[in-house]
$ cat query09.cif   # mmCIF, C-alpha atoms
data_upload
#
loop_
_atom_site.label_atom_id
_atom_site.label_comp_id
_atom_site.auth_asym_id
_atom_site.auth_seq_id
_atom_site.Cartn_x
_atom_site.Cartn_y
_atom_site.Cartn_z
CA MET A 263 -40.49 4.60 -7.20
CA ARG A 264 -41.11 7.43 -4.78
CA TRP A 265 -37.94 9.15 -3.61
CA THR A 266 -38.56 8.38 0.07
CA THR A 267 -38.97 4.72 -0.78
CA TYR A 268 -35.86 4.89 -2.95
CA ILE A 269 -33.78 6.42 -0.16
CA MET A 270 -34.95 3.71 2.24
CA LEU A 271 -34.04 1.09 -0.34
CA CYS A 272 -30.56 2.60 -0.76
CA VAL A 273 -30.02 2.64 3.00
CA ALA A 274 -31.15 -0.97 3.30
CA LEU A 275 -28.95 -2.16 0.43
CA SER A 276 -26.01 -0.24 1.87
CA ALA A 277 -26.53 -1.82 5.27
CA ILE A 278 -26.76 -5.30 3.76
CA THR A 279 -23.61 -4.66 1.74
CA PHE A 280 -21.75 -3.35 4.78
CA VAL A 281 -22.71 -6.31 6.97
CA SER A 282 -21.92 -8.82 4.23
CA VAL A 283 -18.46 -7.40 3.57
CA MET A 284 -17.65 -7.03 7.25
CA TYR A 285 -18.83 -10.41 8.52
CA VAL A 286 -18.84 -12.79 5.55
CA PRO A 287 -15.18 -13.41 4.56
CA ALA A 288 -16.12 -15.07 1.29
CA VAL A 289 -17.94 -11.93 0.15
CA ALA A 290 -15.03 -9.67 1.06
CA ASN A 291 -12.54 -11.95 -0.66
CA ALA A 292 -14.66 -12.23 -3.79
CA ILE A 293 -15.05 -8.46 -4.10
CA GLU A 294 -11.36 -7.85 -3.54
CA THR A 295 -10.44 -10.51 -6.10
CA GLU A 296 -12.76 -8.98 -8.65
CA LEU A 297 -11.38 -5.50 -7.97
CA LEU A 298 -7.83 -6.73 -8.39
CA SER A 299 -8.72 -8.51 -11.60
CA PHE A 300 -10.38 -5.37 -12.94
CA LEU A 301 -7.42 -3.17 -12.05
CA SER A 302 -4.92 -5.66 -13.46
CA THR A 303 -6.79 -5.74 -16.73
CA ASN A 304 -7.43 -2.04 -17.12
CA ALA A 305 -4.57 -0.27 -15.34
CA ARG A 306 -1.40 0.44 -17.34
CA MET B 53 -36.21 8.32 -16.88
CA LYS B 54 -36.68 8.50 -13.12
CA PHE B 55 -36.33 4.74 -12.88
CA ILE B 56 -33.07 4.81 -14.88
CA VAL B 57 -31.62 7.50 -12.62
CA GLN B 58 -32.59 5.57 -9.52
CA LEU B 59 -31.19 2.34 -10.92
CA LEU B 60 -27.92 4.07 -11.82
CA GLY B 61 -27.77 5.45 -8.34
CA ILE B 62 -27.97 1.99 -6.81
CA ILE B 63 -25.48 0.57 -9.30
CA ILE B 64 -22.98 3.24 -8.26
CA LEU B 65 -23.82 3.21 -4.55
CA ILE B 66 -23.38 -0.50 -3.83
CA PRO B 67 -19.81 -0.86 -5.16
CA LEU B 68 -18.80 2.35 -3.39
CA VAL B 69 -20.20 1.04 -0.10
CA ALA B 70 -18.46 -2.31 -0.67
CA ILE B 71 -15.08 -0.67 -1.40
CA GLY B 72 -15.43 1.71 1.53
CA THR B 73 -16.31 -1.15 3.84
CA LEU B 74 -13.33 -3.19 2.63
CA ARG B 75 -11.01 -0.29 3.33
CA TYR B 76 -12.54 0.26 6.77
CA LYS B 77 -12.36 -3.47 7.57
CA ASN B 78 -8.71 -3.71 6.62
CA GLN B 79 -7.41 -0.61 8.37
CA ASP B 80 -6.73 -2.45 11.66
CA ALA B 81 -5.80 -5.81 10.16
CA ASP B 82 -2.45 -7.47 10.75
CA GLY B 83 -0.85 -6.19 7.59
CA PRO B 84 -2.18 -4.91 4.30
CA SER B 85 -4.27 -6.63 1.70
CA VAL B 86 -3.24 -6.34 -1.92
CA LEU B 87 -5.51 -3.35 -2.47
CA PHE B 88 -5.97 -1.67 0.88
CA PRO B 89 -3.62 -0.49 3.60
CA GLY B 90 -3.63 -2.42 6.84
CA GLY B 91 -2.75 -1.86 10.44
CA GLU B 92 0.07 -2.87 12.70
CA LEU B 93 2.22 -5.88 11.81
CA VAL B 94 1.86 -8.03 14.90
CA SER B 95 2.35 -11.64 13.83
CA GLY B 96 5.63 -13.31 12.94
CA PRO B 97 8.90 -13.57 14.84
CA LEU B 98 10.81 -10.35 15.46
CA TYR B 99 14.35 -10.57 14.06
CA THR B 100 16.98 -9.76 16.66
CA GLY B 101 20.16 -11.07 15.04
CA PRO B 102 22.98 -9.27 13.25
CA GLU B 103 22.15 -7.09 10.27
CA PRO B 104 21.09 -9.49 7.52
CA ASN B 105 22.60 -9.75 4.10
CA TRP B 106 19.59 -8.44 2.23
CA SER B 107 20.50 -10.20 -1.01
CA PHE B 108 17.81 -12.78 -0.22
CA ALA B 109 15.31 -10.02 -1.06
CA ASP B 110 16.53 -9.95 -4.68
CA ASP B 111 13.84 -12.46 -5.62
CA ILE B 112 11.10 -10.99 -3.47
CA GLN B 113 8.64 -8.76 -5.29
CA THR B 114 6.97 -6.96 -2.39
CA ILE B 115 7.36 -6.61 1.34
CA GLU B 116 5.01 -5.34 4.01
CA LEU B 117 6.02 -1.94 5.30
CA GLN B 118 4.44 -0.48 8.41
CA LEU B 119 5.02 3.03 9.69
CA THR B 120 4.51 3.85 13.36
CA ASP B 121 3.42 7.46 12.97
CA PRO B 122 0.67 6.92 11.94
CA ILE B 123 0.32 3.15 12.24
CA SER B 124 -0.52 1.78 8.82
CA SER B 125 0.93 -0.83 6.52
CA ARG B 126 1.10 -1.51 2.84
CA TYR B 127 2.94 -3.59 0.25
CA VAL B 128 5.91 -1.90 -1.37
CA TRP B 129 8.63 -2.85 -3.83
CA VAL B 130 11.91 -3.82 -2.21
CA LEU B 131 15.29 -2.77 -3.61
CA PRO B 132 18.35 -4.52 -2.13
CA VAL B 133 21.54 -2.74 -3.20
CA ASN B 134 25.04 -3.64 -2.00
CA GLY B 135 23.81 -5.21 1.21
CA ARG B 136 21.50 -2.32 2.05
CA LEU B 137 17.72 -2.22 1.74
CA TYR B 138 15.68 0.47 0.02
CA VAL B 139 12.07 1.13 -0.87
CA ALA B 140 10.79 3.67 -3.36
CA SER B 141 7.69 5.63 -4.20
CA GLY B 142 7.12 6.94 -7.70
CA TYR B 143 4.94 9.65 -9.21
CA MET B 144 5.69 11.97 -6.31
CA ASN B 145 5.68 15.08 -8.47
CA SER B 146 2.15 14.42 -9.65
CA ILE B 147 -1.09 15.20 -7.82
CA LEU B 148 -2.14 11.56 -8.18
CA GLY B 149 1.11 10.44 -6.61
CA ARG B 150 0.78 12.81 -3.69
CA ILE B 151 -2.69 11.40 -2.96
CA TRP B 152 -1.99 7.75 -3.77
CA LYS B 153 1.47 7.50 -2.23
CA HIS B 154 0.56 9.16 1.04
CA TRP B 155 2.73 6.70 2.93
CA ALA B 156 5.87 8.23 1.45
CA ILE B 157 4.92 11.68 2.73
CA GLN B 158 4.16 10.19 6.15
CA ALA B 159 7.51 8.39 6.13
CA ASP B 160 9.37 11.57 5.21
CA GLU B 161 7.61 13.71 7.81
CA GLY B 162 7.12 11.12 10.57
CA ASN B 163 9.30 9.79 13.35
CA GLY B 164 11.39 7.60 11.04
CA GLU B 165 10.36 4.33 12.66
CA ALA B 166 9.14 1.44 10.56
CA VAL B 167 8.56 -2.28 10.72
CA ILE B 168 8.88 -4.54 7.71
CA ARG B 169 7.78 -8.13 7.31
CA ILE B 170 9.52 -10.41 4.83
CA ASN B 171 8.62 -14.08 4.55
CA GLY B 172 6.74 -13.83 7.85
CA THR B 173 9.64 -12.36 9.83
CA ARG B 174 9.43 -8.84 11.18
CA TYR B 175 12.36 -6.43 11.25
CA LEU B 176 12.45 -3.16 13.18
CA ARG B 177 13.80 -0.47 10.89
CA GLN B 178 14.59 3.19 10.64
CA ILE B 179 13.24 4.67 7.42
CA VAL B 180 15.34 7.51 6.05
CA ARG B 181 14.78 9.36 2.80
CA ILE B 182 17.79 9.46 0.50
CA ARG B 183 17.63 12.62 -1.63
CA GLN B 184 21.01 12.43 -3.38
CA GLY B 185 24.19 10.40 -3.56
CA ASN B 186 25.97 7.73 -5.56
CA GLU B 187 23.89 4.95 -4.03
CA LEU B 188 20.92 6.20 -6.04
CA ASP B 189 22.55 4.85 -9.20
CA GLY B 190 22.28 1.34 -7.81
CA VAL B 191 18.75 1.89 -6.55
CA ALA B 192 17.62 3.20 -9.94
CA SER B 193 19.26 0.25 -11.66
CA VAL B 194 17.46 -2.27 -9.47
CA MET B 195 14.16 -0.48 -9.92
CA THR B 196 14.59 -0.53 -13.69
CA ASN B 197 15.82 -4.12 -14.03
CA LYS B 198 13.84 -5.85 -11.30
CA TYR B 199 10.50 -4.13 -11.77
CA GLY B 200 10.67 -2.78 -15.30
CA SER B 201 10.03 0.71 -13.94
CA PRO B 202 12.58 2.90 -15.71
CA THR B 203 14.12 5.52 -13.52
CA ASN B 204 17.49 7.10 -12.98
CA ARG B 205 19.41 9.05 -10.37
CA GLN B 206 18.38 12.38 -11.87
CA GLN B 207 14.69 11.56 -11.54
CA ILE B 208 15.17 10.57 -7.93
CA GLU B 209 17.16 13.71 -7.11
CA ALA B 210 14.50 15.79 -8.87
CA GLY B 211 11.89 14.36 -6.51
CA ASN B 212 9.89 12.39 -9.08
CA THR B 213 10.68 9.21 -7.21
CA TRP B 214 11.33 9.17 -3.49
CA VAL B 215 13.79 6.62 -2.17
CA PHE B 216 14.05 5.51 1.43
CA GLU B 217 16.71 3.39 3.05
CA LEU B 218 15.63 0.93 5.72
CA THR B 219 18.44 0.81 8.26
CA ALA B 220 18.66 -0.93 11.59
CA ARG B 221 17.31 1.21 14.39
CA GLY B 222 20.14 3.02 16.12
CA ARG B 223 22.45 2.62 13.11
CA PRO B 224 23.57 5.95 11.55
#
$ encode --input "query09.cif" --output "structure tokens"
Amino acid sequence: MRWTTYIMLCVALSAITFVSVMYVPAVANAIETELLSFLSTNAR
Amino acid sequence: MKFIVQLLGIIILIPLVAIGTLRYKNQDADGPSVLFPGGELVSGPLYTGPEPNWSFADDIQTIELQLTDPISSRYVWVLPVNGRLYVASGYMNSILGRIWKHWAIQADEGNGEAVIRINGTRYLRQIVRIRQGNELDGVASVMTNKYGSPTNRQQIEAGNTWVFELTARGRP
């Protein structure tokens, strides 16, 4: 993939991620739950 | 090789954007989430009665603590000792602690005003750091027994763990 195309893809994915987390509560809750589970499992 | 690097970049980028967005989203929320600090505590009745007997907090694991300068909130352990209420922040002599436990530095250097929320009720408090004194024996004991986080008065007085008392505003 050309780097310009790659950068555009990264920007688009970032924007989609940002909008999803900000405005879709289920997405935000799922990510936070997964983060907490990960930290609970791996943190001493 | 180029494809692998690009793929790795996306795999790293998306979670970072998600975590950053979560933190940004929560910064003005009514209270903290489990992982991220929140904003001002605005919901829940404001307690205006006589100073409570804080023994009811013996069975409570965490409370919401909000500072007013700057306005931010987080969950903290709660340490009721002899009718008085304390909170603590560990690892303060480590670099990680100084970064992670930024609220304790803000509490020590700020205007001393705080709001706590326990079981949905808000209490206006004065947050005062306790650097030495006999009361630290009781605080260390509660921290060790209630939370399984071994500490003692010497560690607190050495600055490894910072202890704050939450008094009623206007009370010396």
$ closest_residue --input "query09.cif" --among "B:Ser95, B:Asn105, B:Ser124, B:Thr100" --to "Asp80 in chain B" --atoms "all atoms listed in the file"
B:Ser124
$ axis_aligned_box --input "query09.cif" --around "range 87-91 of chain B" --padding-each-side "3 Å" --output "JSON"
{"center_x": -4.4, "center_y": -1.9, "center_z": 4.0, "size_x": 9.2, "size_y": 8.9, "size_z": 18.9}
$ resolve_selection --input "query09.cif" --expression "the PyMOL selection byres ((chain B and resi 213) around 6)" --output "PyMOL selection string"
chain B and resi 141-142+144+208+211-212+214
$ write_last_selection --input "query09.cif" --atoms "C-alpha atoms" --output "JSON list (two decimals), keeping the file's coordinate frame"
[["chain", "number", "residue", "atom", "x", "y", "z"],
["B", 141, "SER", "CA", 7.69, 5.63, -4.20],
["B", 142, "GLY", "CA", 7.12, 6.94, -7.70],
["B", 144, "MET", "CA", 5.69, 11.97, -6.31],
["B", 208, "ILE", "CA", 15.17, 10.57, -7.93],
["B", 211, "GLY", "CA", 11.89, 14.36, -6.51],
["B", 212, "ASN", "CA", 9.89, 12.39, -9.08],
["B", 214, "TRP", "CA", 11.33, 9.17, -3.49]]
$ interface_residues --input "query09.cif" --of "chain B" --to "chain A" --cutoff "8 Å" --atoms "all atoms listed in the file" --output "short mmCIF file (atom, residue, chain, number, x, y, z; two decimals) with C-alpha atoms, in the frame of the given file"
data_model
loop_
_atom_site.label_atom_id
_atom_site.label_comp_id
_atom_site.auth_asym_id
_atom_site.auth_seq_id
_atom_site.Cartn_x
_atom_site.Cartn_y
_atom_site.Cartn_z
CA PHE B 55 -36.33 4.74 -12.88
CA GLN B 58 -32.59 5.57 -9.52
CA ILE B 62 -27.97 1.99 -6.81
CA LEU B 65 -23.82 3.21 -4.55
CA ILE B 66 -23.38 -0.50 -3.83
CA VAL B 69 -20.20 1.04 -0.10
CA ALA B 70 -18.46 -2.31 -0.67
CA THR B 73 -16.31 -1.15 3.84
CA LEU B 74 -13.33 -3.19 2.63
CA LYS B 77 -12.36 -3.47 7.57
CA VAL B 86 -3.24 -6.34 -1.92
CA LEU B 87 -5.51 -3.35 -2.47
#
$ atom_distance --input "query09.cif" --atom1 "CA of Ala81 in chain B" --atom2 "CA of Arg177 in chain B"
20.3 Å
$ resolve_selection --input "query09.cif" --expression "the PyMOL selection byres ((chain B and resi 98) around 8)" --output "ChimeraX atom specification"
/B:96-97,99-100,173-176
$ atom_distance --input "query09.cif" --atom1 "CA of Phe216 in chain B" --atom2 "CA of Ser146 in chain B"
18.5 Å
$ atom_distance --input "query09.cif" --atom1 "CA of Ile168 in chain B" --atom2 "CA of Val133 in chain B"
16.8 Å
$ residues_around --input "query09.cif" --residues "Leu117 in chain B" --least-positions-apart "5" --cutoff "9 Å" --atoms "all atoms listed in the file" --output "list in words"
Gly83, Pro84, Leu93, Ser124, Ser125, Arg126, Tyr127, Val128, Ala166, Val167, Ile168 and Arg169 of chain B
$ resolve_selection --input "query09.cif" --expression "the PyMOL selection byres ((chain B and resi 191-206) around 9)" --output "VMD selection string"
chain B and resid 110 to 111 113 129 to 133 138 to 140 184 to 190 207 to 213 215
